[in-house]
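S.K.: Have a look at this one before I ask anything.
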Amino acid sequence: EFQREGATGVIDLEDKEALPLLRAIALEEKDMELRKAAVYALEDMELKDALPILNEVLESDADVELKKVALYAIEDFEDNESANILYGVALNSDNEELAKAAVYALEDRIEDVESGDPSMLLEIYKKSKFDSVRKVALHSIEDIEGPADAQHAYQQTVIDSFTKMVDESDQFPDELKIIVRSIEEGGRLADVIATNLGLELDRKQKLLEEANSLE
């Protein structure tokens, strides 16, 4: 176990030679506040060699709060590798809270650093297994690209899902794919899809509300 006094001294250094000990503290120290301090120090050093260590923290069995500190540290690195790390956590993490934090970090990264691809947010919206993460991603798209693009992202996802159902089922005519792709108004799209799926009234109303929420 590291002695608090010695570790604190290392954390105050901005020297590449401090990286190995900072890594050990961030990954192995029992004191959580000291581990967070090591992560903050890795961020402040602004060295590319610190990025793999922060990624190790994300891949470790550390608690969510420490991983969130690492996420926001990674946000400050101005290269595509850091954006890819944030994207991977947002899309693949089994922890819903951590995945949402990664989306927020990715949004800030794209807005402030102007590095990273906004299409990453669209992929998260389309593919995330968590509804709350998809919602955060959609609103991030709205913040960066504007309401029109967010509405388009929502509608395109709905259309893609519905046309896949048409392809996989014998009960829908192929013409339905052409119809839904020609609809531009969200409420009308939701109404057509809900009617053809024979949804119950409450489910149909929910779909309509979601479609209208971005208009």
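By order of appearance in the structure tokens: chains A, B, ..., then residues from 1 within every chain, and ligands from 1 in the order shown.
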May I have the residues within 7 Å of A:Val89 as a PyMOL selection string, using only C-alpha atoms and disregarding those fewer than 3 positions away in the same chain?

M.R.: chain A and resi 85-86+92-93+99+102

S.K.: List the neighbours of A:Phe172 out to 10 Å using only C-alpha atoms; skip same-chain residues closer than 5 positions along the sequence, and give me the result as an NGL selection string.

M.R.: :A and (163 or 165-167 or 177 or 196-197)

S.K.: Please, could you write that set of residues out with N, CA and C atoms as a compact mmCIF listing (two decimals), in the first residue's frame?

M.R.:
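Below you can see result26.txt, which holds the result:
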```txt
# COMPACT_ATOMS: atom_id res chain seq x y z
N THR A 163 -39.06 -0.74 -41.50
CA THR A 163 -38.81 -1.39 -42.80
C THR A 163 -38.16 -2.77 -42.61
N MET A 165 -38.90 -4.74 -40.14
CA MET A 165 -40.04 -5.60 -39.79
C MET A 165 -40.81 -5.99 -41.04
N VAL A 166 -40.99 -5.04 -41.97
CA VAL A 166 -41.70 -5.33 -43.22
C VAL A 166 -40.96 -6.41 -44.01
N ASP A 167 -39.63 -6.30 -44.06
CA ASP A 167 -38.83 -7.28 -44.80
C ASP A 167 -38.92 -8.67 -44.19
N LYS A 177 -42.86 0.28 -47.18
CA LYS A 177 -41.52 0.84 -47.02
C LYS A 177 -41.41 2.16 -47.79
N ASN A 196 -50.52 0.45 -38.72
CA ASN A 196 -50.19 -0.79 -39.41
C ASN A 196 -49.71 -1.89 -38.47
N LEU A 197 -49.16 -1.49 -37.34
CA LEU A 197 -48.73 -2.49 -36.37
C LEU A 197 -49.86 -2.92 -35.47
```

S.K.: Rank A:Tyr40, A:Tyr104, A:Tyr87, A:Phe162 by their smallest atom-to-atom distance to A:Ala73, using only C-alpha atoms, and report the top residue only.

M.R.: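 For A:Ala73, the nearest of the candidates is A:Tyr40.
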
S.K.: Would you mind listing what lies within 9 Å of A:Gln155 as JSON, numbers by chain, with only C-alpha atoms counted and same-chain residues fewer than 6 positions away left out?

M.R.: {"A": [184, 185, 186, 189, 190, 211]}

S.K.: Contacts of A:Lys48 at 12 Å or less, counting only C-alpha atoms, minus same-chain residues fewer than 3 places along, as a list in words?

M.R.: Lys16, Leu19, Leu42, Glu43, Asp44, Met45, Leu51, Pro52, Ile53, Leu54, Asn55, Ala73, Ile74, Asp76, Phe77, Glu78, Asp79, Asn80, Glu81 and Ser82 of chain A

S.K.: Enter the distance from atom CA of A:Ser140 to atom CA of A:Leu121, in Å, rounded to one decimal.

M.R.: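 Atom-to-atom, atom CA of A:Ser140 and atom CA of A:Leu121 are spaced 7.3 Å apart.
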
S.K.: Which residues are close to A:Val69, i.e. within 12 Å by only C-alpha atoms, leaving aside same-chain residues fewer than 3 positions away? Reply as a PyMOL selection string.

M.R.: chain A and resi 26+32-33+35-43+54-55+57-58+62-66+72-76+98+101-102+105
